[in-house]
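Q: I have a structure here, written as structure tokens, and I will follow up with some questions on it.
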Amino acid sequence: MSEIFGYDETTDSLYIKLRPGRSVDNRIVGDDLVIDVGEDGEPVGYDIQHASTHPEFIAEALQILQRGSKIAAE
């Protein structure tokens, strides 16, 4: 597993770490998506079940990562 992505092929589960920080809560968005939330109430990670069937969740998480990278570069 990289520091940002973790994929379990046996369960088709993908975890995308959006930023540093620990998860203190989570939001169940649907049957296959749980968003981990940090102490500040903002997302810290996406836990996507059946990831190969949910490219829209992956794209959303990658957009958040991209925005974070741009902000860090400024």
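Note on naming: chains are A, B, ... as they come in the structure tokens, residues start from 1 per chain, ligands start from 1 in the order shown.
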Write down as a list in words the residues of chain A whose backbone DSSP state falls under alpha helix (DSSP H).
A: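 The alpha helix (DSSP H) residues within chain A come out as Pro55, Glu56, Phe57, Ile58, Ala59, Glu60, Ala61, Leu62, Gln63, Ile64, Leu65, Gln66, Arg67, Gly68, Ser69, Lys70, Ile71, Ala72 and Ala73 of chain A.
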Q: How close does segment 11-53 of chain A get to segment 57-60 of chain A? List, as CSV, each residue of segment 11-53 of chain A within 8 Å, its nearest atom pair and the distance in Å to one decimal, counting only C-alpha atoms.
A:
```
residue,atom,partner,partner_atom,distance
A:Leu33,CA,A:Phe57,CA,7.7
A:Ile48,CA,A:Phe57,CA,7.3
A:Ala51,CA,A:Ile58,CA,7.6
```
Q: Write the residues of the preceding selection, restricted to C-alpha atoms, as a PDB file, in the first residue's frame.
A:
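To be explicit, this is the file written out as selection16.pdb:
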```
ATOM      1  CA  LEU A  33     -18.798   4.631   0.256  1.00  0.00           C
ATOM      2  CA  ILE A  48     -14.773   2.574  -1.384  1.00  0.00           C
ATOM      3  CA  ALA A  51     -14.338   0.056  -6.161  1.00  0.00           C
TER       4      ALA A  51
END
```
Q: Might you pull out every residue within 9 Å of Asp12 of chain A, with only C-alpha atoms counted and same-chain residues fewer than 4 positions away left off, and present them as an MDAnalysis selection string?
A: chainID A and resid 7:8 48:52
Q: For the selection just defined, write its residues with C-alpha atoms to a file, as a PDB file, in the first residue's frame.
A:
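To be explicit, this is the file written out as result29.pdb:
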```pdb
ATOM      1  CA  TYR A   7      -6.361  -1.573  -2.619  1.00  0.00           C
ATOM      2  CA  ASP A   8      -7.496  -5.031  -1.538  1.00  0.00           C
ATOM      3  CA  ILE A  48     -14.773   2.574  -1.384  1.00  0.00           C
ATOM      4  CA  GLN A  49     -16.237  -0.927  -1.459  1.00  0.00           C
ATOM      5  CA  HIS A  50     -16.669  -2.642  -4.852  1.00  0.00           C
ATOM      6  CA  ALA A  51     -14.338   0.056  -6.161  1.00  0.00           C
ATOM      7  CA  SER A  52     -14.171  -1.292  -9.710  1.00  0.00           C
TER       8      SER A  52
END
```
Q: I need the residue nearest Gly30 of chain A from this list: A:Tyr46, A:Glu3, A:Glu9, A:Ala61. Use only C-alpha atoms for the distance.
A: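 Between A:Tyr46, A:Glu3, A:Glu9, A:Ala61, the residue approaching Gly30 of chain A most closely is A:Tyr46.
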Q: Within 8 Å of Asn26 of chain A, counting only C-alpha atoms, which residues show up once you throw out same-chain ones fewer than 2 positions away? Write them as a list in words, please.
A: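 What passes the distance filter is Ser23, Val24, Ile28, Val34, Ile35, Asp36 and Val37 of chain A.
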Q: Please, what distance in Å, to one decimal, runs between atom CA of Ile16 of chain A and atom CA of Gln66 of chain A?
A: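 Between these atoms lies a distance of 12.4 Å.
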